[in-house]
>>> print(open('protein-v6.csv').read())   # CSV, N, CA and C atoms
chain,number,residue,atom,x,y,z
A,1,MET,N,85.4,104.0,94.3
A,1,MET,CA,86.3,105.1,93.9
A,1,MET,C,85.9,106.4,94.6
A,2,THR,N,84.7,106.6,94.9
A,2,THR,CA,84.3,107.8,95.6
A,2,THR,C,85.0,108.0,96.9
A,3,VAL,N,85.1,106.9,97.6
A,3,VAL,CA,85.7,107.0,99.0
A,3,VAL,C,87.2,107.3,98.8
A,4,ILE,N,87.9,106.7,97.9
A,4,ILE,CA,89.3,107.0,97.7
A,4,ILE,C,89.5,108.4,97.2
A,5,LYS,N,88.6,108.8,96.3
A,5,LYS,CA,88.7,110.2,95.8
A,5,LYS,C,88.5,111.2,97.0
A,6,ARG,N,87.6,110.9,97.9
A,6,ARG,CA,87.4,111.8,99.1
A,6,ARG,C,88.7,111.8,99.9
A,7,PHE,N,89.3,110.6,100.2
A,7,PHE,CA,90.6,110.6,100.9
A,7,PHE,C,91.6,111.5,100.2
A,8,ASP,N,91.7,111.3,98.9
A,8,ASP,CA,92.7,112.1,98.1
A,8,ASP,C,92.4,113.6,98.2
A,9,ASP,N,91.2,114.0,98.1
A,9,ASP,CA,90.8,115.4,98.2
A,9,ASP,C,91.2,116.0,99.6
A,10,CYS,N,91.0,115.2,100.7
A,10,CYS,CA,91.3,115.7,102.0
A,10,CYS,C,92.8,115.8,102.2
A,11,LEU,N,93.6,115.0,101.6
A,11,LEU,CA,95.0,115.0,101.8
A,11,LEU,C,95.8,115.9,100.8
A,12,LYS,N,95.1,116.5,99.9
A,12,LYS,CA,95.7,117.3,98.8
A,12,LYS,C,96.6,118.4,99.4
A,13,LYS,N,96.1,119.2,100.4
A,13,LYS,CA,96.8,120.3,100.9
A,13,LYS,C,98.1,120.0,101.6
A,14,THR,N,98.2,118.8,102.2
A,14,THR,CA,99.3,118.4,103.0
A,14,THR,C,100.2,117.3,102.3
A,15,LYS,N,99.9,116.9,101.1
A,15,LYS,CA,100.6,115.9,100.4
A,15,LYS,C,102.1,116.1,100.3
A,16,GLY,N,102.4,117.3,100.0
A,16,GLY,CA,103.9,117.7,99.9
A,16,GLY,C,104.6,117.6,101.2
A,17,GLU,N,104.0,118.0,102.3
A,17,GLU,CA,104.6,117.9,103.6
A,17,GLU,C,104.8,116.5,104.0
A,18,VAL,N,103.8,115.6,103.7
A,18,VAL,CA,103.9,114.2,104.1
A,18,VAL,C,105.1,113.6,103.2
A,19,LEU,N,105.1,113.9,102.0
A,19,LEU,CA,106.1,113.3,101.1
A,19,LEU,C,107.5,113.8,101.5
A,20,SER,N,107.6,115.0,102.0
A,20,SER,CA,109.0,115.5,102.4
A,20,SER,C,109.5,114.8,103.6
A,21,LEU,N,108.6,114.1,104.4
A,21,LEU,CA,109.0,113.4,105.6
A,21,LEU,C,109.4,112.0,105.4
A,22,VAL,N,109.1,111.4,104.2
A,22,VAL,CA,109.3,110.0,104.0
A,22,VAL,C,110.7,109.5,104.3
A,23,LYS,N,111.7,110.2,103.7
A,23,LYS,CA,113.1,109.9,103.9
A,23,LYS,C,113.5,110.1,105.4
A,24,SER,N,113.1,111.1,106.0
A,24,SER,CA,113.5,111.5,107.4
A,24,SER,C,113.0,110.5,108.4
A,25,VAL,N,111.9,109.8,108.1
A,25,VAL,CA,111.3,108.9,109.1
A,25,VAL,C,111.7,107.4,108.9
A,26,GLU,N,112.5,107.2,107.9
A,26,GLU,CA,112.9,105.9,107.4
A,26,GLU,C,113.3,104.9,108.5
A,27,ASN,N,114.1,105.4,109.5
A,27,ASN,CA,114.6,104.6,110.5
A,27,ASN,C,113.8,104.6,111.8
A,28,MET,N,112.7,105.3,111.8
A,28,MET,CA,111.8,105.3,113.0
A,28,MET,C,111.0,104.1,113.2
A,29,ALA,N,110.6,103.8,114.4
A,29,ALA,CA,109.6,102.7,114.6
A,29,ALA,C,108.3,103.0,113.9
A,30,LEU,N,107.6,101.9,113.6
A,30,LEU,CA,106.4,102.0,112.8
A,30,LEU,C,105.4,103.0,113.5
A,31,GLY,N,105.2,102.8,114.8
A,31,GLY,CA,104.2,103.6,115.5
A,31,GLY,C,104.6,105.1,115.5
A,32,THR,N,105.9,105.4,115.5
A,32,THR,CA,106.4,106.7,115.5
A,32,THR,C,106.2,107.3,114.1
A,33,LYS,N,106.5,106.6,113.1
A,33,LYS,CA,106.3,107.0,111.7
A,33,LYS,C,104.8,107.4,111.5
A,34,ASP,N,103.9,106.5,111.9
A,34,ASP,CA,102.5,106.7,111.8
A,34,ASP,C,102.1,108.0,112.4
A,35,ALA,N,102.5,108.3,113.6
A,35,ALA,CA,102.2,109.5,114.3
A,35,ALA,C,102.7,110.7,113.6
A,36,VAL,N,103.9,110.7,113.0
A,36,VAL,CA,104.5,111.8,112.3
A,36,VAL,C,103.7,112.1,111.1
A,37,PHE,N,103.4,111.0,110.3
A,37,PHE,CA,102.6,111.2,109.1
A,37,PHE,C,101.2,111.7,109.4
A,38,LYS,N,100.6,111.2,110.4
A,38,LYS,CA,99.2,111.7,110.8
A,38,LYS,C,99.3,113.2,111.2
A,39,ASN,N,100.3,113.5,111.9
A,39,ASN,CA,100.4,114.9,112.3
A,39,ASN,C,100.6,115.8,111.1
A,40,ALA,N,101.5,115.4,110.2
A,40,ALA,CA,101.7,116.2,108.9
A,40,ALA,C,100.5,116.3,108.1
A,41,SER,N,99.7,115.2,108.0
A,41,SER,CA,98.5,115.3,107.1
A,41,SER,C,97.4,116.1,107.7
A,42,GLY,N,97.4,116.2,109.0
A,42,GLY,CA,96.3,116.8,109.7
A,42,GLY,C,95.1,116.0,109.9
A,43,TYR,N,95.2,114.7,109.6
A,43,TYR,CA,94.1,113.7,109.7
A,43,TYR,C,94.6,112.5,110.4
A,44,SER,N,93.7,111.6,110.7
A,44,SER,CA,94.1,110.3,111.3
A,44,SER,C,94.5,109.3,110.2
A,45,PHE,N,94.8,109.8,109.0
A,45,PHE,CA,95.2,108.9,107.9
A,45,PHE,C,96.1,109.7,107.0
A,46,TYR,N,96.8,109.0,106.1
A,46,TYR,CA,97.8,109.7,105.2
A,46,TYR,C,98.1,108.8,104.1
A,47,ASN,N,98.8,109.3,103.1
A,47,ASN,CA,99.3,108.6,101.9
A,47,ASN,C,100.7,109.0,101.6
A,48,THR,N,101.6,108.0,101.6
A,48,THR,CA,103.0,108.3,101.3
A,48,THR,C,103.4,108.0,99.8
A,49,SER,N,102.4,107.7,99.0
A,49,SER,CA,102.7,107.4,97.6
A,49,SER,C,103.0,108.8,96.9
A,50,LYS,N,103.8,108.7,95.9
A,50,LYS,CA,104.1,110.0,95.1
A,50,LYS,C,102.9,110.3,94.3
A,51,PHE,N,101.9,109.4,94.1
A,51,PHE,CA,100.8,109.6,93.3
A,51,PHE,C,99.6,110.2,94.0
A,52,ASP,N,98.8,111.0,93.3
A,52,ASP,CA,97.5,111.4,93.7
A,52,ASP,C,96.6,111.2,92.5
A,53,PHE,N,95.4,111.6,92.5
A,53,PHE,CA,94.5,111.4,91.4
A,53,PHE,C,95.0,112.1,90.1
A,54,GLU,N,95.5,113.3,90.2
A,54,GLU,CA,95.9,114.0,89.1
A,54,GLU,C,97.1,113.3,88.4
A,55,LYS,N,98.1,112.9,89.2
A,55,LYS,CA,99.2,112.2,88.6
A,55,LYS,C,98.9,110.9,88.1
A,56,LEU,N,97.9,110.2,88.7
A,56,LEU,CA,97.4,108.9,88.1
A,56,LEU,C,96.9,109.1,86.7
A,57,LEU,N,96.0,110.1,86.6
A,57,LEU,CA,95.4,110.4,85.3
A,57,LEU,C,96.4,110.9,84.2
A,58,ALA,N,97.4,111.5,84.7
A,58,ALA,CA,98.4,112.0,83.8
A,58,ALA,C,99.3,110.9,83.1
A,59,ASP,N,99.3,109.7,83.7
A,59,ASP,CA,100.1,108.6,83.2
A,59,ASP,C,99.2,107.4,83.0
A,60,SER,N,98.2,107.6,82.1
A,60,SER,CA,97.2,106.5,81.8
A,60,SER,C,97.8,105.2,81.3
A,61,GLU,N,98.9,105.2,80.7
A,61,GLU,CA,99.5,104.0,80.2
A,61,GLU,C,100.0,103.1,81.3
A,62,ASN,N,100.3,103.6,82.5
A,62,ASN,CA,100.7,102.9,83.6
A,62,ASN,C,99.8,102.9,84.8
A,63,ILE,N,98.5,103.1,84.5
A,63,ILE,CA,97.5,103.3,85.5
A,63,ILE,C,97.4,102.1,86.5
A,64,ALA,N,97.5,100.9,86.1
A,64,ALA,CA,97.4,99.8,87.0
A,64,ALA,C,98.5,99.7,88.0
A,65,ALA,N,99.8,99.8,87.6
A,65,ALA,CA,100.9,99.8,88.5
A,65,ALA,C,100.9,101.0,89.4
A,66,ASN,N,100.6,102.2,88.8
A,66,ASN,CA,100.6,103.4,89.6
A,66,ASN,C,99.5,103.4,90.6
A,67,PHE,N,98.3,102.9,90.2
A,67,PHE,CA,97.2,102.9,91.2
A,67,PHE,C,97.5,101.9,92.3
A,68,ASN,N,98.1,100.8,92.0
A,68,ASN,CA,98.5,99.9,93.1
A,68,ASN,C,99.5,100.5,94.1
A,69,ASP,N,100.5,101.3,93.5
A,69,ASP,CA,101.4,102.0,94.3
A,69,ASP,C,100.7,103.1,95.2
A,70,TYR,N,99.7,103.7,94.6
A,70,TYR,CA,98.9,104.7,95.3
A,70,TYR,C,98.2,104.1,96.5
A,71,LEU,N,97.5,103.0,96.2
A,71,LEU,CA,96.8,102.3,97.3
A,71,LEU,C,97.7,101.8,98.4
A,72,ALA,N,98.9,101.3,98.0
A,72,ALA,CA,99.8,100.8,99.0
A,72,ALA,C,100.4,102.0,99.9
A,73,GLY,N,100.3,103.2,99.4
A,73,GLY,CA,100.8,104.3,100.2
A,73,GLY,C,99.9,104.8,101.3
A,74,PHE,N,98.7,104.3,101.4
A,74,PHE,CA,97.8,104.8,102.4
A,74,PHE,C,98.2,104.2,103.8
A,75,SER,N,97.8,104.9,104.8
A,75,SER,CA,98.0,104.3,106.2
A,75,SER,C,97.2,103.1,106.4
A,76,ASP,N,97.6,102.3,107.3
A,76,ASP,CA,96.9,101.0,107.5
A,76,ASP,C,95.4,101.1,107.8
A,77,ASN,N,95.0,102.1,108.5
A,77,ASN,CA,93.6,102.3,108.8
A,77,ASN,C,92.7,102.5,107.5
A,78,VAL,N,93.3,103.2,106.5
A,78,VAL,CA,92.6,103.3,105.2
A,78,VAL,C,92.7,102.1,104.4
A,79,LYS,N,93.9,101.4,104.5
A,79,LYS,CA,94.0,100.1,103.7
A,79,LYS,C,92.9,99.1,104.2
A,80,ASP,N,92.6,99.1,105.5
A,80,ASP,CA,91.6,98.3,106.0
A,80,ASP,C,90.2,98.6,105.3
A,81,VAL,N,89.9,99.9,105.2
A,81,VAL,CA,88.7,100.3,104.6
A,81,VAL,C,88.6,99.9,103.1
A,82,ILE,N,89.7,100.2,102.4
A,82,ILE,CA,89.6,100.0,101.0
A,82,ILE,C,89.8,98.5,100.6
A,83,SER,N,90.2,97.7,101.5
A,83,SER,CA,90.3,96.2,101.3
A,83,SER,C,89.0,95.6,101.0
A,84,TYR,N,87.9,96.2,101.5
A,84,TYR,CA,86.6,95.7,101.3
A,84,TYR,C,86.1,95.9,99.8
A,85,PHE,N,86.8,96.8,99.1
A,85,PHE,CA,86.4,97.1,97.7
A,85,PHE,C,87.1,96.2,96.7
A,86,GLU,N,88.1,95.4,97.2
A,86,GLU,CA,88.8,94.4,96.4
A,86,GLU,C,89.3,94.9,95.1
A,87,PHE,N,90.0,96.1,95.2
A,87,PHE,CA,90.5,96.6,94.0
A,87,PHE,C,91.6,95.7,93.3
A,88,ASP,N,92.3,94.9,94.1
A,88,ASP,CA,93.3,94.0,93.6
A,88,ASP,C,92.7,93.0,92.6
A,89,LYS,N,91.4,92.7,92.7
A,89,LYS,CA,90.7,91.8,91.7
A,89,LYS,C,90.3,92.6,90.5
A,90,GLU,N,90.1,93.9,90.6
A,90,GLU,CA,89.7,94.7,89.5
A,90,GLU,C,90.8,95.3,88.6
A,91,ILE,N,92.0,95.4,89.2
A,91,ILE,CA,93.1,96.1,88.5
A,91,ILE,C,93.9,95.0,87.8
A,92,THR,N,94.0,95.2,86.5
A,92,THR,CA,94.9,94.4,85.7
A,92,THR,C,95.6,95.2,84.7
A,93,ASN,N,96.6,94.7,84.1
A,93,ASN,CA,97.3,95.4,83.0
A,93,ASN,C,96.8,95.0,81.6
A,94,GLU,N,95.8,94.1,81.6
A,94,GLU,CA,95.3,93.7,80.4
A,94,GLU,C,94.1,94.6,79.9
A,95,PRO,N,94.0,94.8,78.6
A,95,PRO,CA,92.9,95.6,78.1
A,95,PRO,C,91.6,94.9,78.3
A,96,VAL,N,90.5,95.6,78.5
A,96,VAL,CA,89.2,95.1,78.7
A,96,VAL,C,88.7,94.8,77.3
A,97,THR,N,88.1,93.6,77.1
A,97,THR,CA,87.6,93.2,75.7
A,97,THR,C,86.1,93.2,75.7
>>> encode(input="protein-v6.csv", output="structure tokens")
Amino acid sequence: MTVIKRFDDCLKKTKGEVLSLVKSVENMALGTKDAVFKNASGYSFYNTSKFDFEKLLADSENIAANFNDYLAGFSDNVKDVISYFEFDKEITNEPVT
């Protein structure tokens, strides 16, 4: 979680700019979209999910679905990194007993 939180903190300042581009790059080639989002984020990675850590915490009743959406919004290079943490095995909608 520390790694993902660090990514989130880095992207915080440019999150709005990245989100504002989502619709406008819809019909672009994947490589072009990637370059546009990286340029907007100011980093070699980005996240196009509407969620960030603050929004995730604000909707704790839907945390599993929202967190999955958040993780899916990262650029492929970050998805490669976070795949090693196997969050998909940890995230469920069932309460812990």
>>> atom_distance(input="protein-v6.csv", atom1="atom CA of A:Leu11", atom2="atom CA of A:Tyr46")
6.9 Å
>>> closest_residue(input="protein-v6.csv", among="A:Ile82, A:Leu71, A:Ile63, A:Val25", to="A:Asn47", atoms="all atoms listed in the file")
A:Leu71
>>> closest_residue(input="protein-v6.csv", among="A:Asp34, A:Asp52, A:Glu86, A:Glu26", to="A:Phe7", atoms="only C-alpha atoms")
A:Asp52
>>> atom_distance(input="protein-v6.csv", atom1="atom CA of A:Phe85", atom2="atom CA of A:Lys55")
21.8 Å
>>> atom_distance(input="protein-v6.csv", atom1="atom CA of A:Asp88", atom2="atom CA of A:Asp59")
19.2 Å
>>> closest_residue(input="protein-v6.csv", among="A:Asn68, A:Ser20, A:Ser60, A:Ser49", to="A:Val36", atoms="only C-alpha atoms")
A:Ser20
>>> select_by_dssp(input="protein-v6.csv", residues="stretch 1-42 of chain A", states="alpha helix (DSSP H)", output="MDAnalysis selection string")
chainID A and resid 2:11 15:21 30:41
